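Here's final07.pdb, which has PDB, C-alpha atoms and all ligand atoms:
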```pdb
ATOM      1  CA  MET A   1      85.025  -1.897-216.232  1.00  0.00           C
ATOM      2  CA  GLU A   2      88.668  -1.324-217.150  1.00  0.00           C
ATOM      3  CA  LYS A   3      90.275  -4.389-218.598  1.00  0.00           C
ATOM      4  CA  ASP A   4      93.531  -5.045-216.869  1.00  0.00           C
ATOM      5  CA  THR A   5      92.883  -4.191-213.247  1.00  0.00           C
ATOM      6  CA  ASP A   6      93.132  -7.183-210.986  1.00  0.00           C
ATOM      7  CA  ILE A   7      90.093  -6.350-208.840  1.00  0.00           C
ATOM      8  CA  THR A   8      90.563  -9.311-206.533  1.00  0.00           C
ATOM      9  CA  LYS A   9      94.178  -8.383-205.875  1.00  0.00           C
ATOM     10  CA  VAL A  10      93.486  -4.696-205.263  1.00  0.00           C
ATOM     11  CA  VAL A  11      90.559  -5.512-202.975  1.00  0.00           C
ATOM     12  CA  ARG A  12      92.614  -8.082-201.076  1.00  0.00           C
ATOM     13  CA  GLN A  13      95.262  -5.422-200.472  1.00  0.00           C
ATOM     14  CA  HIS A  14      92.575  -2.998-199.192  1.00  0.00           C
ATOM     15  CA  LEU A  15      91.188  -5.714-196.961  1.00  0.00           C
ATOM     16  CA  GLN A  16      94.582  -6.624-195.557  1.00  0.00           C
ATOM     17  CA  MET A  17      95.249  -2.969-194.852  1.00  0.00           C
ATOM     18  CA  GLU A  18      91.876  -2.522-193.103  1.00  0.00           C
ATOM     19  CA  ASN A  19      92.565  -5.658-191.132  1.00  0.00           C
ATOM     20  CA  PHE A  20      95.979  -4.429-190.134  1.00  0.00           C
ATOM     21  CA  PHE A  21      94.593  -1.154-188.812  1.00  0.00           C
ATOM     22  CA  THR A  22      91.477  -2.543-187.145  1.00  0.00           C
ATOM     23  CA  GLY A  23      93.007  -5.663-185.683  1.00  0.00           C
ATOM     24  CA  GLY A  24      90.974  -8.012-187.874  1.00  0.00           C
ATOM     25  CA  PHE A  25      87.256  -8.393-188.308  1.00  0.00           C
ATOM     26  CA  MET A  26      86.966 -12.044-189.005  1.00  0.00           C
ATOM     27  CA  VAL A  27      84.712 -14.505-187.302  1.00  0.00           C
ATOM     28  CA  ARG A  28      84.931 -17.534-189.559  1.00  0.00           C
ATOM     29  CA  SER A  29      82.094 -19.973-189.310  1.00  0.00           C
ATOM     30  CA  ASN A  30      83.257 -23.408-188.232  1.00  0.00           C
ATOM     31  CA  LYS A  31      81.595 -25.057-191.170  1.00  0.00           C
ATOM     32  CA  THR A  32      83.891 -26.864-193.555  1.00  0.00           C
ATOM     33  CA  SER A  33      82.911 -27.416-197.153  1.00  0.00           C
ATOM     34  CA  SER A  34      82.059 -31.055-196.546  1.00  0.00           C
ATOM     35  CA  GLU A  35      79.722 -30.296-193.640  1.00  0.00           C
ATOM     36  CA  SER A  36      76.050 -30.011-194.311  1.00  0.00           C
ATOM     37  CA  HIS A  37      74.414 -26.654-193.888  1.00  0.00           C
ATOM     38  CA  ASN A  38      71.867 -28.306-191.651  1.00  0.00           C
ATOM     39  CA  ILE A  39      74.567 -28.143-189.028  1.00  0.00           C
ATOM     40  CA  GLU A  40      74.256 -24.787-187.310  1.00  0.00           C
ATOM     41  CA  HIS A  41      77.292 -22.584-187.054  1.00  0.00           C
ATOM     42  CA  THR A  42      78.537 -22.953-183.531  1.00  0.00           C
ATOM     43  CA  ASP A  43      79.073 -19.208-183.473  1.00  0.00           C
ATOM     44  CA  ASN A  44      75.773 -18.515-185.161  1.00  0.00           C
ATOM     45  CA  LYS A  45      74.843 -15.525-183.033  1.00  0.00           C
ATOM     46  CA  GLN A  46      78.252 -14.032-183.472  1.00  0.00           C
ATOM     47  CA  VAL A  47      78.046 -14.400-187.261  1.00  0.00           C
ATOM     48  CA  LYS A  48      74.670 -12.673-187.219  1.00  0.00           C
ATOM     49  CA  ALA A  49      76.051  -9.880-185.056  1.00  0.00           C
ATOM     50  CA  GLU A  50      79.078  -9.456-187.347  1.00  0.00           C
ATOM     51  CA  LEU A  51      76.821  -9.279-190.404  1.00  0.00           C
ATOM     52  CA  GLU A  52      74.766  -6.589-188.685  1.00  0.00           C
ATOM     53  CA  LYS A  53      77.987  -4.743-187.846  1.00  0.00           C
ATOM     54  CA  ILE A  54      78.941  -4.756-191.540  1.00  0.00           C
ATOM     55  CA  ALA A  55      75.440  -3.544-192.438  1.00  0.00           C
ATOM     56  CA  GLU A  56      75.843  -0.649-189.983  1.00  0.00           C
ATOM     57  CA  GLU A  57      79.217   0.259-191.512  1.00  0.00           C
ATOM     58  CA  VAL A  58      77.654   0.172-194.991  1.00  0.00           C
ATOM     59  CA  ARG A  59      74.821   2.464-193.873  1.00  0.00           C
ATOM     60  CA  LYS A  60      77.393   5.005-192.662  1.00  0.00           C
ATOM     61  CA  CYS A  61      79.862   4.499-195.524  1.00  0.00           C
ATOM     62  CA  ALA A  62      81.209   7.502-197.403  1.00  0.00           C
ATOM     63  CA  LYS A  63      84.168   5.765-199.081  1.00  0.00           C
ATOM     64  CA  CYS A  64      83.030   6.765-202.573  1.00  0.00           C
ATOM     65  CA  GLY A  65      80.846   9.448-204.129  1.00  0.00           C
ATOM     66  CA  LEU A  66      77.758   7.234-204.173  1.00  0.00           C
ATOM     67  CA  GLY A  67      77.461   7.624-200.401  1.00  0.00           C
ATOM     68  CA  SER A  68      76.276  11.224-200.745  1.00  0.00           C
ATOM     69  CA  LEU A  69      73.749  10.369-203.471  1.00  0.00           C
ATOM     70  CA  ARG A  70      71.869   7.504-201.846  1.00  0.00           C
ATOM     71  CA  THR A  71      68.567   7.575-200.003  1.00  0.00           C
ATOM     72  CA  ASN A  72      69.439   4.283-198.303  1.00  0.00           C
ATOM     73  CA  ALA A  73      72.443   2.033-198.533  1.00  0.00           C
ATOM     74  CA  VAL A  74      71.547  -1.585-199.299  1.00  0.00           C
ATOM     75  CA  PRO A  75      73.843  -3.901-197.324  1.00  0.00           C
ATOM     76  CA  GLY A  76      72.041  -7.159-198.176  1.00  0.00           C
ATOM     77  CA  GLU A  77      69.801  -9.508-196.246  1.00  0.00           C
ATOM     78  CA  GLY A  78      69.067 -13.127-195.555  1.00  0.00           C
ATOM     79  CA  SER A  79      70.162 -16.091-193.521  1.00  0.00           C
ATOM     80  CA  GLN A  80      73.553 -16.210-191.848  1.00  0.00           C
ATOM     81  CA  ASN A  81      73.334 -19.969-192.465  1.00  0.00           C
ATOM     82  CA  ALA A  82      72.662 -19.585-196.182  1.00  0.00           C
ATOM     83  CA  ARG A  83      73.992 -22.341-198.401  1.00  0.00           C
ATOM     84  CA  ILE A  84      73.632 -19.976-201.360  1.00  0.00           C
ATOM     85  CA  VAL A  85      74.567 -16.313-201.608  1.00  0.00           C
ATOM     86  CA  PHE A  86      73.074 -14.441-204.574  1.00  0.00           C
ATOM     87  CA  VAL A  87      75.124 -11.421-205.649  1.00  0.00           C
ATOM     88  CA  GLY A  88      73.671  -8.768-207.950  1.00  0.00           C
ATOM     89  CA  GLU A  89      75.174  -5.651-209.424  1.00  0.00           C
ATOM     90  CA  GLY A  90      73.895  -2.765-207.341  1.00  0.00           C
ATOM     91  CA  PRO A  91      70.696  -1.258-205.966  1.00  0.00           C
ATOM     92  CA  GLY A  92      68.155   0.332-208.282  1.00  0.00           C
ATOM     93  CA  ALA A  93      65.543   2.964-207.421  1.00  0.00           C
ATOM     94  CA  ASP A  94      63.267   0.609-205.448  1.00  0.00           C
ATOM     95  CA  GLU A  95      66.160  -0.809-203.452  1.00  0.00           C
ATOM     96  CA  ASP A  96      67.521   2.691-202.758  1.00  0.00           C
ATOM     97  CA  ALA A  97      64.082   3.739-201.497  1.00  0.00           C
ATOM     98  CA  GLN A  98      63.676   0.723-199.197  1.00  0.00           C
ATOM     99  CA  GLY A  99      67.258  -0.139-198.218  1.00  0.00           C
ATOM    100  CA  ARG A 100      66.660  -3.769-199.218  1.00  0.00           C
ATOM    101  CA  PRO A 101      68.137  -5.749-202.124  1.00  0.00           C
ATOM    102  CA  PHE A 102      66.118  -6.981-205.100  1.00  0.00           C
ATOM    103  CA  VAL A 103      62.714  -5.605-204.166  1.00  0.00           C
ATOM    104  CA  GLY A 104      61.779  -4.125-207.582  1.00  0.00           C
ATOM    105  CA  ARG A 105      60.841  -5.922-210.809  1.00  0.00           C
ATOM    106  CA  SER A 106      64.138  -7.814-210.966  1.00  0.00           C
ATOM    107  CA  GLY A 107      63.604  -8.816-207.365  1.00  0.00           C
ATOM    108  CA  GLN A 108      60.163 -10.207-208.088  1.00  0.00           C
ATOM    109  CA  LEU A 109      61.666 -12.373-210.787  1.00  0.00           C
ATOM    110  CA  LEU A 110      64.505 -13.436-208.496  1.00  0.00           C
ATOM    111  CA  ASP A 111      61.917 -14.391-205.844  1.00  0.00           C
ATOM    112  CA  LYS A 112      60.186 -16.598-208.425  1.00  0.00           C
ATOM    113  CA  ILE A 113      63.445 -18.224-209.442  1.00  0.00           C
ATOM    114  CA  ILE A 114      64.200 -18.981-205.781  1.00  0.00           C
ATOM    115  CA  ALA A 115      60.677 -20.167-204.899  1.00  0.00           C
ATOM    116  CA  ASN A 116      59.150 -21.716-208.030  1.00  0.00           C
ATOM    117  CA  GLY A 117      62.351 -22.926-209.550  1.00  0.00           C
ATOM    118  CA  MET A 118      64.470 -23.931-206.604  1.00  0.00           C
ATOM    119  CA  GLY A 119      61.850 -24.718-203.977  1.00  0.00           C
ATOM    120  CA  LEU A 120      63.562 -22.410-201.474  1.00  0.00           C
ATOM    121  CA  LYS A 121      62.429 -19.442-199.452  1.00  0.00           C
ATOM    122  CA  ARG A 122      63.994 -16.036-199.887  1.00  0.00           C
ATOM    123  CA  SER A 123      64.819 -16.167-196.175  1.00  0.00           C
ATOM    124  CA  ASP A 124      66.835 -19.398-196.736  1.00  0.00           C
ATOM    125  CA  VAL A 125      69.430 -17.606-198.855  1.00  0.00           C
ATOM    126  CA  PHE A 126      71.469 -14.404-198.579  1.00  0.00           C
ATOM    127  CA  ILE A 127      70.963 -11.698-201.212  1.00  0.00           C
ATOM    128  CA  CYS A 128      73.315  -8.777-201.725  1.00  0.00           C
ATOM    129  CA  ASN A 129      75.161  -6.761-204.342  1.00  0.00           C
ATOM    130  CA  ILE A 130      78.653  -5.898-205.520  1.00  0.00           C
ATOM    131  CA  ILE A 131      78.075  -2.241-204.677  1.00  0.00           C
ATOM    132  CA  LYS A 132      75.831  -1.204-201.832  1.00  0.00           C
ATOM    133  CA  CYS A 133      74.627   2.218-203.028  1.00  0.00           C
ATOM    134  CA  ARG A 134      72.673   3.102-206.151  1.00  0.00           C
ATOM    135  CA  PRO A 135      74.641   4.657-209.005  1.00  0.00           C
ATOM    136  CA  PRO A 136      72.849   7.706-210.451  1.00  0.00           C
ATOM    137  CA  ASP A 137      70.424   6.854-213.270  1.00  0.00           C
ATOM    138  CA  ASN A 138      71.255   3.180-212.744  1.00  0.00           C
ATOM    139  CA  ARG A 139      74.524   3.570-214.637  1.00  0.00           C
ATOM    140  CA  ASP A 140      77.069   0.754-214.476  1.00  0.00           C
ATOM    141  CA  PRO A 141      79.181   0.739-211.311  1.00  0.00           C
ATOM    142  CA  ARG A 142      82.617   2.286-211.844  1.00  0.00           C
ATOM    143  CA  LEU A 143      85.799   0.394-211.065  1.00  0.00           C
ATOM    144  CA  ASP A 144      86.754   2.711-208.173  1.00  0.00           C
ATOM    145  CA  GLU A 145      83.286   2.205-206.660  1.00  0.00           C
ATOM    146  CA  ILE A 146      83.568  -1.567-206.988  1.00  0.00           C
ATOM    147  CA  ILE A 147      87.010  -1.538-205.396  1.00  0.00           C
ATOM    148  CA  SER A 148      85.884   0.577-202.410  1.00  0.00           C
ATOM    149  CA  CYS A 149      82.780  -1.514-201.846  1.00  0.00           C
ATOM    150  CA  MET A 150      84.126  -5.047-202.404  1.00  0.00           C
ATOM    151  CA  PRO A 151      85.599  -5.499-198.914  1.00  0.00           C
ATOM    152  CA  TYR A 152      82.058  -5.404-197.484  1.00  0.00           C
ATOM    153  CA  LEU A 153      80.972  -8.198-199.805  1.00  0.00           C
ATOM    154  CA  GLN A 154      84.116 -10.188-199.156  1.00  0.00           C
ATOM    155  CA  ARG A 155      83.519  -9.982-195.424  1.00  0.00           C
ATOM    156  CA  GLN A 156      79.862 -11.008-195.829  1.00  0.00           C
ATOM    157  CA  ILE A 157      80.891 -14.025-197.901  1.00  0.00           C
ATOM    158  CA  GLU A 158      83.652 -14.978-195.464  1.00  0.00           C
ATOM    159  CA  LEU A 159      81.248 -14.854-192.546  1.00  0.00           C
ATOM    160  CA  ILE A 160      78.406 -16.765-194.179  1.00  0.00           C
ATOM    161  CA  ASN A 161      80.815 -19.166-195.871  1.00  0.00           C
ATOM    162  CA  PRO A 162      78.175 -20.435-198.316  1.00  0.00           C
ATOM    163  CA  GLU A 163      78.600 -23.556-200.395  1.00  0.00           C
ATOM    164  CA  ILE A 164      77.661 -21.705-203.564  1.00  0.00           C
ATOM    165  CA  ILE A 165      77.663 -18.127-204.784  1.00  0.00           C
ATOM    166  CA  VAL A 166      75.314 -17.283-207.650  1.00  0.00           C
ATOM    167  CA  ALA A 167      76.618 -14.244-209.528  1.00  0.00           C
ATOM    168  CA  LEU A 168      73.718 -12.455-211.190  1.00  0.00           C
ATOM    169  CA  GLY A 169      74.928 -10.829-214.377  1.00  0.00           C
ATOM    170  CA  ALA A 170      78.180  -9.759-215.916  1.00  0.00           C
ATOM    171  CA  HIS A 171      79.244  -7.173-213.325  1.00  0.00           C
ATOM    172  CA  ALA A 172      78.876  -9.556-210.411  1.00  0.00           C
ATOM    173  CA  ALA A 173      80.581 -12.406-212.264  1.00  0.00           C
ATOM    174  CA  LYS A 174      83.466 -10.296-213.524  1.00  0.00           C
ATOM    175  CA  SER A 175      84.084  -8.594-210.183  1.00  0.00           C
ATOM    176  CA  LEU A 176      84.031 -11.836-208.208  1.00  0.00           C
ATOM    177  CA  LEU A 177      86.038 -13.861-210.705  1.00  0.00           C
ATOM    178  CA  ASN A 178      88.313 -11.095-211.892  1.00  0.00           C
ATOM    179  CA  ASN A 179      87.544 -12.165-215.387  1.00  0.00           C
ATOM    180  CA  ASN A 180      86.488 -10.239-218.443  1.00  0.00           C
ATOM    181  CA  LEU A 181      84.694 -12.964-220.370  1.00  0.00           C
ATOM    182  CA  PRO A 182      81.113 -12.270-221.447  1.00  0.00           C
ATOM    183  CA  ILE A 183      78.418 -13.626-219.147  1.00  0.00           C
ATOM    184  CA  GLY A 184      77.193 -15.848-222.003  1.00  0.00           C
ATOM    185  CA  GLN A 185      80.510 -17.681-221.833  1.00  0.00           C
ATOM    186  CA  LEU A 186      80.854 -17.709-218.060  1.00  0.00           C
ATOM    187  CA  ARG A 187      77.366 -18.955-217.188  1.00  0.00           C
ATOM    188  CA  GLY A 188      76.389 -22.602-217.106  1.00  0.00           C
ATOM    189  CA  GLN A 189      79.437 -23.902-215.299  1.00  0.00           C
ATOM    190  CA  PHE A 190      80.941 -23.603-211.854  1.00  0.00           C
ATOM    191  CA  HIS A 191      83.926 -21.355-211.287  1.00  0.00           C
ATOM    192  CA  GLU A 192      85.956 -20.782-208.142  1.00  0.00           C
ATOM    193  CA  TYR A 193      85.654 -17.673-206.008  1.00  0.00           C
ATOM    194  CA  CYS A 194      88.790 -17.166-203.994  1.00  0.00           C
ATOM    195  CA  THR A 195      88.071 -15.754-200.519  1.00  0.00           C
ATOM    196  CA  GLY A 196      89.949 -12.632-199.477  1.00  0.00           C
ATOM    197  CA  ILE A 197      91.669 -13.776-196.328  1.00  0.00           C
ATOM    198  CA  ASP A 198      92.652 -17.424-196.321  1.00  0.00           C
ATOM    199  CA  ARG A 199      92.167 -17.956-200.055  1.00  0.00           C
ATOM    200  CA  THR A 200      89.962 -20.991-199.724  1.00  0.00           C
ATOM    201  CA  THR A 201      87.583 -21.301-202.634  1.00  0.00           C
ATOM    202  CA  ILE A 202      83.805 -21.331-202.964  1.00  0.00           C
ATOM    203  CA  LYS A 203      81.967 -22.608-206.038  1.00  0.00           C
ATOM    204  CA  LEU A 204      80.476 -19.804-208.076  1.00  0.00           C
ATOM    205  CA  MET A 205      77.748 -20.139-210.712  1.00  0.00           C
ATOM    206  CA  PRO A 206      77.330 -17.110-212.973  1.00  0.00           C
ATOM    207  CA  THR A 207      73.924 -16.687-214.578  1.00  0.00           C
ATOM    208  CA  TYR A 208      71.963 -13.980-216.349  1.00  0.00           C
ATOM    209  CA  HIS A 209      70.799 -11.031-214.244  1.00  0.00           C
ATOM    210  CA  PRO A 210      67.002 -11.031-213.748  1.00  0.00           C
ATOM    211  CA  ALA A 211      66.866  -7.563-215.381  1.00  0.00           C
ATOM    212  CA  TYR A 212      68.539  -9.010-218.492  1.00  0.00           C
ATOM    213  CA  LEU A 213      66.074 -11.870-218.458  1.00  0.00           C
ATOM    214  CA  LEU A 214      63.159  -9.424-218.251  1.00  0.00           C
ATOM    215  CA  ARG A 215      64.545  -7.490-221.220  1.00  0.00           C
ATOM    216  CA  ASN A 216      65.321 -10.633-223.234  1.00  0.00           C
ATOM    217  CA  TYR A 217      62.448 -12.805-222.223  1.00  0.00           C
ATOM    218  CA  SER A 218      62.829 -15.776-224.539  1.00  0.00           C
ATOM    219  CA  ASP A 219      62.238 -19.434-223.791  1.00  0.00           C
ATOM    220  CA  ASP A 220      65.921 -20.059-224.509  1.00  0.00           C
ATOM    221  CA  ASN A 221      67.128 -17.526-221.943  1.00  0.00           C
ATOM    222  CA  ARG A 222      64.668 -18.700-219.316  1.00  0.00           C
ATOM    223  CA  LYS A 223      65.823 -22.278-219.895  1.00  0.00           C
ATOM    224  CA  ARG A 224      69.460 -21.190-219.547  1.00  0.00           C
ATOM    225  CA  VAL A 225      68.827 -19.630-216.123  1.00  0.00           C
ATOM    226  CA  TRP A 226      66.829 -22.692-215.245  1.00  0.00           C
ATOM    227  CA  ASP A 227      69.619 -25.040-216.203  1.00  0.00           C
ATOM    228  CA  ASP A 228      72.076 -22.992-214.128  1.00  0.00           C
ATOM    229  CA  MET A 229      69.833 -23.205-211.050  1.00  0.00           C
ATOM    230  CA  LYS A 230      69.360 -26.956-211.543  1.00  0.00           C
ATOM    231  CA  LYS A 231      73.138 -27.333-211.435  1.00  0.00           C
ATOM    232  CA  VAL A 232      73.198 -25.356-208.184  1.00  0.00           C
ATOM    233  CA  LEU A 233      70.509 -27.603-206.679  1.00  0.00           C
ATOM    234  CA  ALA A 234      72.340 -30.734-207.825  1.00  0.00           C
ATOM    235  CA  GLU A 235      75.604 -29.493-206.328  1.00  0.00           C
ATOM    236  CA  LEU A 236      73.830 -28.958-202.992  1.00  0.00           C
ATOM    237  CA  GLY A 237      72.196 -32.378-203.188  1.00  0.00           C
ATOM    238  CA  LEU A 238      68.743 -30.769-203.356  1.00  0.00           C
ATOM    239  CA  ALA A 239      65.949 -32.107-205.543  1.00  0.00           C
ATOM    240  CA  VAL A 240      64.452 -30.002-208.299  1.00  0.00           C
ATOM    241  CA  PRO A 241      60.909 -29.174-207.130  1.00  0.00           C
ATOM    242  CA  LYS A 242      58.346 -31.454-208.803  1.00  0.00           C
ATOM    243  CA  ASN A 243      56.185 -28.646-210.136  1.00  0.00           C
ATOM    244  CA  GLN A 244      59.163 -26.543-211.149  1.00  0.00           C
ATOM    245  CA  ARG A 245      58.072 -23.693-213.381  1.00  0.00           C
ATOM    246  CA  LYS A 246      60.221 -21.509-215.581  1.00  0.00           C
ATOM    247  CA  PRO A 247      61.014 -18.077-214.092  1.00  0.00           C
ATOM    248  CA  ALA A 248      57.806 -16.031-214.075  1.00  0.00           C
ATOM    249  CA  GLY A 249      56.092 -19.008-215.668  1.00  0.00           C
TER
HETATM  250  N1  LIG A 301      69.522  -5.160-209.487  1.00  0.00           N
HETATM  251  C1  LIG A 301      70.596  -5.513-208.760  1.00  0.00           C
HETATM  252  O1  LIG A 301      71.633  -5.859-209.311  1.00  0.00           O
HETATM  253  N2  LIG A 301      70.498  -5.495-207.448  1.00  0.00           N
HETATM  254  C2  LIG A 301      69.391  -5.149-206.808  1.00  0.00           C
HETATM  255  O2  LIG A 301      69.373  -5.146-205.580  1.00  0.00           O
HETATM  256  C3  LIG A 301      68.277  -4.786-207.591  1.00  0.00           C
HETATM  257  C4  LIG A 301      68.357  -4.793-208.917  1.00  0.00           C
END
```
Take the structure I supplied and represent it as structure tokens, if you would.
Amino acid sequence: MEKDTDITKVVRQHLQMENFFTGGFMVRSNKTSSESHNIEHTDNKQVKAELEKIAEEVRKCAKCGLGSLRTNAVPGEGSQNARIVFVGEGPGADEDAQGRPFVGRSGQLLDKIIANGMGLKRSDVFICNIIKCRPPDNRDPRLDEIISCMPYLQRQIELINPEIIVALGAHAAKSLLNNNLPIGQLRGQFHEYCTGIDRTTIKLMPTYHPAYLLRNYSDDNRKRVWDDMKKVLAELGLAVPKNQRKPAG
């Protein structure tokens, strides 16, 4: 990723332009940050419909070259009431084949982190990626691809309005925070994600990507991801499950 591009600013400009031409897409949930997620969005159905509309746009998207290379676009999936949105880097081969996020080996580990570690169901959260189409040979997403794709993610986050975003890996963390620090320095503490439209902020916890964890499967790294997820649970006022096991433990 090039160093000095202000991704957030460029994407905000794209978003404002899109908004200007389309007359605005936004259906903000009525939830405020102090309200519990147990309270249903009053416009729940509308949020769900808007998320599906974004997914349809993503499936038809040809804004960058990746659109012509994909088998399936991967818009993301999960609850429109999610208190946590997990954001990965981009689809791999399994995700491209199925059109669903995190369904390969990394996804199995993410499922374990969510279930064994956090005591949640995959369907409780929302899972998506910075870019919605698979880069060839799983190469890193390019800056132009991130910039074209980010408005979709921004709109998904605005609609769901989660209490916490978990950024999985360096690409997600850097793109959402507009920050070039290594993931090892970013993880372990909350940062602020600034929403595209009204610039309210959402707490963001960067942590290691499950694929990194699989490649560097040490007790120390597993504990680090663990500690990050415990902070997320604490912030949401949720108890750590009694029989909590380390990822894939
Ligand atoms: N890695 C990601 O970053 N996202 C996926 O959906 C799958 C693997």
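Using all atoms listed in the file for every distance, the candidate list A:Asp219, A:Val87, A:Asp140, A:Lys242 yields A:Val87 as the residue closest to Thr207 of chain A.
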Select the residues contacting ligand LIG 301 (chain A) at a distance of at most 12 Å, based on all atoms listed in the file, then format the selection as a VMD selection string.
chain A and resid 72 to 77 86 to 111 126 to 135 138 to 141 167 to 173 208 to 214
Point out the residue among A:Glu57, A:Glu163, A:Asp6, A:Glu235 with the least atom-to-atom distance to Ala82 of chain A, counting all atoms listed in the file.
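Among the listed residues, the smallest separation from Ala82 of chain A belongs to A:Glu163.
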Rounded to one decimal place, report the atom CA of Val232 of chain A-atom CA of Ile84 of chain A distance in Å.
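Going from atom CA of Val232 of chain A over to atom CA of Ile84 of chain A, I get 8.7 Å.
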Residue by residue, what does the PyMOL selection byres (((chain A and resi 192) around 12) and not hetatm) grab here? Present the result as a PyMOL selection string.
chain A and resi 163-167+173+176-179+186+189-191+193-195+199-206
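Going from atom CA of Asp220 of chain A to atom CA of Asn243 of chain A covers 19.4 Å.
Here atom CA of Leu153 of chain A is placed at a distance of 22.0 Å from atom CA of Pro182 of chain A.
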Could you spell out the hits of the PyMOL selection byres (((chain A and resi 49) around 12) and not hetatm) on the shown file, as a PyMOL selection string?
chain A and resi 25-27+43-48+50-56+80+156+159-160
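The closest residue to Leu143 of chain A, picked from A:Ala239, A:Cys64, A:Val225, A:Val58 and counting only C-alpha atoms, is A:Cys64.
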Missing atoms in segment 174-186 of chain A: fill them in up to N, CA and C atoms and send the result as a compact mmCIF listing (two decimals), in the frame of the given file.
```
# COMPACT_ATOMS: atom_id res chain seq x y z
N LYS A 174 82.12 -10.80 -213.22
CA LYS A 174 83.47 -10.30 -213.52
C LYS A 174 84.18 -9.82 -212.27
N SER A 175 83.44 -9.13 -211.39
CA SER A 175 84.08 -8.59 -210.18
C SER A 175 84.51 -9.71 -209.24
N LEU A 176 83.70 -10.76 -209.15
CA LEU A 176 84.03 -11.84 -208.21
C LEU A 176 85.08 -12.79 -208.77
N LEU A 177 85.10 -12.90 -210.10
CA LEU A 177 86.04 -13.86 -210.70
C LEU A 177 87.26 -13.17 -211.28
N ASN A 178 87.21 -11.83 -211.31
CA ASN A 178 88.31 -11.10 -211.89
C ASN A 178 88.57 -11.56 -213.31
N ASN A 179 87.53 -11.52 -214.09
CA ASN A 179 87.54 -12.16 -215.39
C ASN A 179 86.74 -11.30 -216.34
N ASN A 180 87.21 -11.13 -217.54
CA ASN A 180 86.49 -10.24 -218.44
C ASN A 180 85.67 -10.94 -219.51
N LEU A 181 85.46 -12.24 -219.35
CA LEU A 181 84.69 -12.96 -220.37
C LEU A 181 83.22 -12.55 -220.32
N PRO A 182 82.54 -12.60 -221.46
CA PRO A 182 81.11 -12.27 -221.45
C PRO A 182 80.32 -13.27 -220.61
N ILE A 183 79.23 -12.78 -220.03
CA ILE A 183 78.42 -13.63 -219.15
C ILE A 183 77.92 -14.88 -219.91
N GLY A 184 77.65 -14.70 -221.20
CA GLY A 184 77.19 -15.85 -222.00
C GLY A 184 78.21 -16.98 -222.01
N GLN A 185 79.47 -16.63 -221.87
CA GLN A 185 80.51 -17.68 -221.83
C GLN A 185 80.76 -18.19 -220.42
N LEU A 186 80.56 -17.31 -219.45
CA LEU A 186 80.85 -17.71 -218.06
C LEU A 186 79.75 -18.59 -217.48
```
